[in-house]
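Undergrad: Structure file structure32.txt (compact mmCIF, C-alpha atoms) right here:
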# COMPACT_ATOMS: atom_id res chain seq x y z
CA MET A 1324 -8.94 -24.10 1.44
CA CYS A 1325 -9.07 -20.29 1.26
CA TYR A 1326 -8.91 -18.32 -1.99
CA SER A 1327 -5.30 -17.12 -1.55
CA LYS A 1328 -4.03 -20.65 -0.74
CA VAL A 1329 -5.74 -22.05 -3.83
CA CYS A 1330 -4.03 -19.43 -5.99
CA SER A 1331 -0.69 -20.00 -4.27
CA VAL A 1332 -0.80 -23.72 -5.08
CA PHE A 1333 -1.84 -22.94 -8.64
CA PHE A 1334 1.04 -20.55 -9.27
CA LYS A 1335 3.64 -22.59 -7.42
CA GLU A 1336 3.56 -25.13 -10.23
CA ILE A 1337 3.74 -22.70 -13.16
CA TYR A 1338 5.17 -19.34 -12.16
CA LEU A 1339 8.87 -20.06 -12.66
CA ARG A 1340 8.32 -21.02 -16.30
CA GLY A 1341 7.25 -17.52 -17.26
CA ARG A 1342 7.26 -14.08 -15.64
CA LEU A 1343 4.08 -12.36 -14.55
CA ILE A 1344 3.97 -8.59 -15.05
CA VAL A 1345 1.13 -6.60 -13.48
CA ILE A 1346 0.18 -3.26 -15.01
CA SER A 1347 -2.44 -1.04 -13.38
CA GLY A 1348 -3.58 2.55 -13.54
CA PRO A 1349 -6.72 4.65 -13.16
CA SER A 1350 -9.45 4.60 -15.78
CA GLY A 1351 -8.58 6.91 -18.68
CA VAL A 1352 -4.83 6.88 -18.07
CA GLY A 1353 -4.25 5.18 -21.44
CA LYS A 1354 -3.32 1.63 -20.45
CA ASP A 1355 -4.71 0.11 -23.65
CA CYS A 1356 -2.92 2.62 -25.87
CA VAL A 1357 0.36 2.06 -24.04
CA LEU A 1358 0.05 -1.72 -24.36
CA CYS A 1359 -0.76 -1.37 -28.06
CA GLU A 1360 2.40 0.69 -28.52
CA MET A 1361 4.39 -1.90 -26.55
CA ARG A 1362 3.18 -4.57 -28.97
CA ARG A 1363 4.24 -2.39 -31.89
CA LEU A 1364 7.69 -1.90 -30.41
CA ASN A 1365 8.07 -5.54 -29.35
CA SER A 1366 5.97 -8.16 -31.11
CA ASP A 1367 6.71 -10.65 -28.30
CA THR A 1368 4.67 -8.58 -25.83
CA LEU A 1369 1.89 -10.87 -24.58
CA VAL A 1370 -1.06 -9.37 -22.73
CA SER A 1371 -3.57 -11.51 -20.85
CA VAL A 1372 -7.19 -10.87 -21.84
CA SER A 1373 -9.29 -9.95 -18.81
CA ALA A 1374 -12.96 -10.75 -18.30
CA THR A 1375 -15.62 -8.18 -17.44
CA THR A 1376 -19.34 -7.63 -17.13
CA ARG A 1377 -19.25 -4.09 -18.49
CA LEU A 1378 -20.60 -3.45 -21.96
CA PRO A 1379 -18.11 -3.35 -24.88
CA ARG A 1380 -16.99 0.10 -26.00
CA SER A 1381 -17.01 1.04 -29.65
CA GLY A 1382 -14.51 -1.10 -31.58
CA GLU A 1383 -13.84 -3.57 -28.77
CA VAL A 1384 -13.86 -7.25 -29.74
CA ASP A 1385 -14.88 -10.13 -27.48
CA GLY A 1386 -11.91 -12.40 -26.79
CA LYS A 1387 -9.40 -9.81 -27.97
CA ASP A 1388 -9.95 -6.73 -25.81
CA TYR A 1389 -11.92 -8.48 -23.07
CA TYR A 1390 -14.00 -11.57 -22.50
CA PHE A 1391 -17.44 -10.00 -22.11
CA PHE A 1392 -19.75 -11.94 -19.78
CA SER A 1393 -23.16 -11.33 -18.30
CA LYS A 1394 -23.25 -10.85 -14.54
CA GLN A 1395 -24.79 -14.31 -14.13
CA ASP A 1396 -22.13 -16.00 -16.27
CA PHE A 1397 -19.35 -14.21 -14.39
CA GLU A 1398 -20.77 -15.23 -11.02
CA ASN A 1399 -21.09 -18.84 -12.20
CA LYS A 1400 -17.40 -18.80 -13.11
CA ILE A 1401 -16.60 -17.44 -9.65
CA LYS A 1402 -18.48 -20.36 -8.09
CA ASN A 1403 -16.56 -22.77 -10.35
CA ASN A 1404 -13.22 -21.25 -9.21
CA GLU A 1405 -12.30 -20.27 -12.79
CA PHE A 1406 -10.69 -16.94 -11.85
CA ILE A 1407 -7.24 -16.30 -10.42
CA GLU A 1408 -8.49 -12.94 -9.22
CA TYR A 1409 -11.63 -10.89 -9.58
CA ALA A 1410 -13.03 -7.67 -8.19
CA THR A 1411 -15.76 -5.10 -8.72
CA TYR A 1412 -14.97 -1.70 -10.16
CA CYS A 1413 -17.56 1.05 -10.68
CA GLY A 1414 -20.39 -1.48 -10.56
CA ASN A 1415 -18.90 -4.12 -12.87
CA TYR A 1416 -16.94 -7.32 -12.34
CA TYR A 1417 -13.39 -7.64 -13.68
CA GLY A 1418 -11.25 -10.74 -13.44
CA THR A 1419 -8.47 -12.95 -14.84
CA LEU A 1420 -9.33 -16.45 -16.03
CA LYS A 1421 -6.96 -19.20 -14.89
CA PHE A 1422 -6.77 -21.36 -17.99
CA PRO A 1423 -5.43 -18.88 -20.61
CA LEU A 1424 -2.82 -17.54 -18.18
CA GLU A 1425 -1.70 -20.99 -17.11
CA LYS A 1426 -1.33 -22.07 -20.75
CA ASN A 1427 1.05 -19.20 -21.55
CA LEU A 1428 3.09 -19.38 -18.34
CA VAL A 1429 3.55 -23.13 -18.69
CA SER A 1430 5.01 -22.55 -22.17
CA GLY A 1431 7.58 -20.17 -20.64
CA LYS A 1432 6.10 -16.93 -21.96
CA ASP A 1433 6.14 -13.68 -19.99
CA VAL A 1434 2.58 -12.48 -19.52
CA ILE A 1435 1.32 -8.97 -18.80
CA LEU A 1436 -1.80 -8.63 -16.69
CA LYS A 1437 -3.62 -5.33 -17.17
CA ILE A 1438 -5.77 -5.27 -14.04
CA GLU A 1439 -7.26 -2.78 -11.62
CA VAL A 1440 -5.88 -2.11 -8.15
CA GLN A 1441 -8.02 -4.62 -6.24
CA GLY A 1442 -7.02 -7.46 -8.55
CA ALA A 1443 -3.38 -6.43 -8.49
CA THR A 1444 -3.39 -6.51 -4.69
CA LYS A 1445 -4.65 -10.11 -4.75
CA ILE A 1446 -2.04 -11.12 -7.32
CA ARG A 1447 0.79 -9.60 -5.27
CA MET A 1448 -0.44 -11.50 -2.20
CA VAL A 1449 -0.11 -14.88 -3.90
CA ILE A 1450 2.81 -14.06 -6.21
CA PRO A 1451 5.05 -11.52 -4.44
CA GLU A 1452 7.71 -12.14 -7.10
CA CYS A 1453 5.57 -10.58 -9.84
CA LEU A 1454 6.72 -7.30 -11.37
CA SER A 1455 4.15 -4.55 -10.76
CA ILE A 1456 3.95 -1.28 -12.69
CA PHE A 1457 1.48 1.56 -12.10
CA ILE A 1458 0.73 4.08 -14.86
CA VAL A 1459 -0.25 7.59 -13.75
CA PRO A 1460 -1.50 10.62 -15.74
CA PRO A 1461 0.46 13.89 -15.94
CA SER A 1462 -2.36 15.43 -13.84
CA ILE A 1463 -5.93 14.76 -12.71
CA GLU A 1464 -7.14 17.47 -15.12
CA VAL A 1465 -5.59 15.62 -18.06
CA LEU A 1466 -7.12 12.36 -16.85
CA LYS A 1467 -10.59 13.90 -16.64
CA LYS A 1468 -10.29 15.19 -20.21
CA ARG A 1469 -9.28 11.72 -21.42
CA ILE A 1470 -12.29 10.13 -19.74
CA LEU A 1471 -14.66 12.75 -21.16
CA THR A 1472 -13.16 12.32 -24.64
CA ARG A 1473 -14.31 8.70 -24.66
CA GLY A 1474 -17.91 9.88 -24.76
CA SER A 1475 -19.10 6.49 -23.50
CA ASN A 1476 -19.54 7.41 -19.83
CA SER A 1477 -22.43 9.22 -18.19
CA ASP A 1478 -21.77 12.17 -15.88
CA LYS A 1479 -22.29 9.89 -12.88
CA GLU A 1480 -19.86 7.31 -14.26
CA VAL A 1481 -17.24 10.02 -14.82
CA ASP A 1482 -17.69 11.24 -11.24
CA ASP A 1483 -17.48 7.68 -9.90
CA ARG A 1484 -14.28 7.01 -11.83
CA LEU A 1485 -12.65 10.24 -10.66
CA LYS A 1486 -13.48 9.36 -7.04
CA GLN A 1487 -11.92 5.95 -7.57
CA VAL A 1488 -8.78 7.59 -8.99
CA LYS A 1489 -7.98 9.17 -5.61
CA ILE A 1490 -8.04 5.77 -3.95
CA GLU A 1491 -5.98 4.16 -6.69
CA MET A 1492 -3.31 6.85 -6.68
CA ILE A 1493 -2.67 6.12 -3.00
CA GLU A 1494 -2.25 2.42 -3.84
CA SER A 1495 0.37 3.26 -6.48
CA SER A 1496 3.00 3.40 -3.71
CA ASN A 1497 2.66 -0.38 -3.34
CA TYR A 1498 3.86 -1.03 -6.89
CA ASP A 1499 7.47 -1.69 -7.90
CA TYR A 1500 7.47 1.10 -10.48
CA VAL A 1501 5.37 4.18 -11.24
CA VAL A 1502 5.46 5.53 -14.80
CA VAL A 1503 3.85 8.76 -16.03
CA ASN A 1504 1.92 8.49 -19.30
CA ASP A 1505 2.51 11.94 -20.77
CA LYS A 1506 3.35 10.60 -24.22
CA ILE A 1507 2.25 7.09 -25.17
CA ASP A 1508 5.42 6.08 -27.03
CA VAL A 1509 7.70 7.33 -24.25
CA CYS A 1510 5.65 5.56 -21.59
CA ALA A 1511 5.68 2.30 -23.58
CA ARG A 1512 9.45 2.43 -23.99
CA LYS A 1513 9.97 3.05 -20.28
CA ILE A 1514 7.82 0.05 -19.36
CA LEU A 1515 9.60 -2.21 -21.85
CA LYS A 1516 12.89 -1.03 -20.36
CA ILE A 1517 11.68 -1.95 -16.87
CA ILE A 1518 10.49 -5.38 -18.04
CA ASN A 1519 13.91 -6.00 -19.58
CA ASN A 1520 15.40 -5.32 -16.13
CA ILE A 1521 17.04 -2.04 -17.09
CA GLY A 1522 16.56 0.88 -14.76
CA LYS A 1523 15.60 1.07 -11.11
CA GLY A 1524 13.03 3.03 -9.11
CA ASN A 1525 10.35 5.37 -10.42
CA LEU A 1526 10.83 6.72 -13.96
Written as structure tokens, how would this file's structure read?

TA:
Amino acid sequence: MCYSKVCSVFFKEIYLRGRLIVISGPSGVGKDCVLCEMRRLNSDTLVSVSATTRLPRSGEVDGKDYYFFSKQDFENKIKNNEFIEYATYCGNYYGTLKFPLEKNLVSGKDVILKIEVQGATKIRMVIPECLSIFIVPPSIEVLKKRILTRGSNSDKEVDDRLKQVKIEMIESSNYDYVVVNDKIDVCARKILKIINNIGKGNL
């Protein structure tokens, strides 16, 4: 059975018990900050923890910000069919583990997936009913400054991420909504409004 069919069967049993909300955006756009503000505004906001092979950034906690795996461990989980979706981004694996997501959806909770474009494309293929939201920066110049401010990326990594941004911005047209992150609190409120089924089209 192919990958997409496996995922389709998996979600067919659990999807209707909880809504799946996909949030994507280029590196440095402020997805984590926006989600943190969403949690502050609405304590019921539940965000799925993704897995990755990249190294933790300063202050990141394993199991809270990401599940941090070695490349070998990640690839073993791929072989064991433990991911709903996975992809490579700037040289690292990123993916969503099945079990934690299934547990929350089965209980009837709405779950937000913060995933990159490749993963979001796979999710939309198997769950076309999911709500997809793409966060964009006010401008590429602002995005570059945000990435440089992190101080955790080499010059090559910054260049690679900016090249990837061009590809991702094209993909944004495939999402249900596109929201500009000019101010974190405003962006968070707009996304919560969308999730609550208020508003239509790009905001």

Undergrad: Write out as a PyMOL selection string the residues lying within 12 Å of Phe1397 (chain A), counting all atoms listed in the file and excluding same-chain residues fewer than 3 positions away.

TA: chain A and resi 1373-1377+1390-1394+1400-1406+1409-1411+1415-1420

Undergrad: Could you give me, as a tab-separated table, a per-residue list for region 1423-1515 of chain A showing, wherever an atom lies at most 12 Å from an atom of region 1386-1389 of chain A, the closest pair of atoms and their distance in Å to one decimal, using all atoms listed in the file and sorting by chain then residue number from low to high?

TA:
residue	atom	partner	partner_atom	distance
A:Pro1423	CA	A:Gly1386	CA	11.1
A:Leu1436	CA	A:Tyr1389	CA	12.0
A:Lys1437	CA	A:Tyr1389	CA	10.7
A:Ile1438	CA	A:Tyr1389	CA	11.4

Undergrad: Generate a file of the selected residues that holds C-alpha atoms, formatted as a PDB file, in the frame of the given file.

TA:
ATOM      1  CA  PRO A1423      -5.430 -18.880 -20.610  1.00  0.00           C
ATOM      2  CA  LEU A1436      -1.800  -8.630 -16.690  1.00  0.00           C
ATOM      3  CA  LYS A1437      -3.620  -5.330 -17.170  1.00  0.00           C
ATOM      4  CA  ILE A1438      -5.770  -5.270 -14.040  1.00  0.00           C
TER       5      ILE A1438
END

Undergrad: Within 10 Å of Leu1364 (chain A), counting all atoms listed in the file, which residues qualify if same-chain residues fewer than 2 places away don't, as a ChimeraX atom specification?

TA: /A:1358-1362,1366-1368,1508,1511-1512,1515

Undergrad: Filtering to C-alpha atoms, could you give me those residues as a CSV table (one decimal), in the coordinates of the input?

TA:
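Contents of result.csv, freshly written:
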chain,number,residue,atom,x,y,z
A,1358,LEU,CA,0.0,-1.7,-24.4
A,1359,CYS,CA,-0.8,-1.4,-28.1
A,1360,GLU,CA,2.4,0.7,-28.5
A,1361,MET,CA,4.4,-1.9,-26.6
A,1362,ARG,CA,3.2,-4.6,-29.0
A,1366,SER,CA,6.0,-8.2,-31.1
A,1367,ASP,CA,6.7,-10.6,-28.3
A,1368,THR,CA,4.7,-8.6,-25.8
A,1508,ASP,CA,5.4,6.1,-27.0
A,1511,ALA,CA,5.7,2.3,-23.6
A,1512,ARG,CA,9.4,2.4,-24.0
A,1515,LEU,CA,9.6,-2.2,-21.8

Undergrad: What does the distance between CA of Leu1369 (chain A) and CA of Val1434 (chain A) come to in Å, to one decimal place?

TA: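 Result for CA of Leu1369 (chain A) versus CA of Val1434 (chain A): 5.4 Å, one decimal.
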
Undergrad: Using all atoms listed in the file, which residues sit within 9 Å of region 1483-1496 of chain A once same-chain residues fewer than 6 positions away are excluded, as a PyMOL selection string?

TA: chain A and resi 1347-1351+1412-1413+1439-1440+1456-1459+1463+1466-1467+1470

Undergrad: Restrict the selected residues to C-alpha atoms and save them as a short mmCIF file (atom, residue, chain, number, x, y, z; two decimals), keeping the file's coordinate frame.

TA:
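As a result, part00.cif now contains:
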data_model
loop_
_atom_site.label_atom_id
_atom_site.label_comp_id
_atom_site.auth_asym_id
_atom_site.auth_seq_id
_atom_site.Cartn_x
_atom_site.Cartn_y
_atom_site.Cartn_z
CA SER A 1347 -2.44 -1.04 -13.38
CA GLY A 1348 -3.58 2.55 -13.54
CA PRO A 1349 -6.72 4.65 -13.16
CA SER A 1350 -9.45 4.60 -15.78
CA GLY A 1351 -8.58 6.91 -18.68
CA TYR A 1412 -14.97 -1.70 -10.16
CA CYS A 1413 -17.56 1.05 -10.68
CA GLU A 1439 -7.26 -2.78 -11.62
CA VAL A 1440 -5.88 -2.11 -8.15
CA ILE A 1456 3.95 -1.28 -12.69
CA PHE A 1457 1.48 1.56 -12.10
CA ILE A 1458 0.73 4.08 -14.86
CA VAL A 1459 -0.25 7.59 -13.75
CA ILE A 1463 -5.93 14.76 -12.71
CA LEU A 1466 -7.12 12.36 -16.85
CA LYS A 1467 -10.59 13.90 -16.64
CA ILE A 1470 -12.29 10.13 -19.74
#

Undergrad: Can you tell me how far CA of Glu1425 (chain A) sits from CA of Arg1342 (chain A), in Å to one decimal?

TA: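 Straight-line distance from CA of Glu1425 (chain A) to CA of Arg1342 (chain A) works out to 11.4 Å.
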
Undergrad: Report the distance between CA of Val1481 (chain A) and CA of Arg1447 (chain A) in Å, rounded to one decimal place.

TA: 28.3 Å

Undergrad: With all atoms listed in the file as the basis for distance, which of A:Val1501, A:Ser1455, A:Val1465, A:Lys1421 is at the shortest distance from Ile1435 (chain A)?

TA: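 Checking each of A:Val1501, A:Ser1455, A:Val1465, A:Lys1421 against Ile1435 (chain A), counting all atoms listed in the file, the winner is A:Ser1455.
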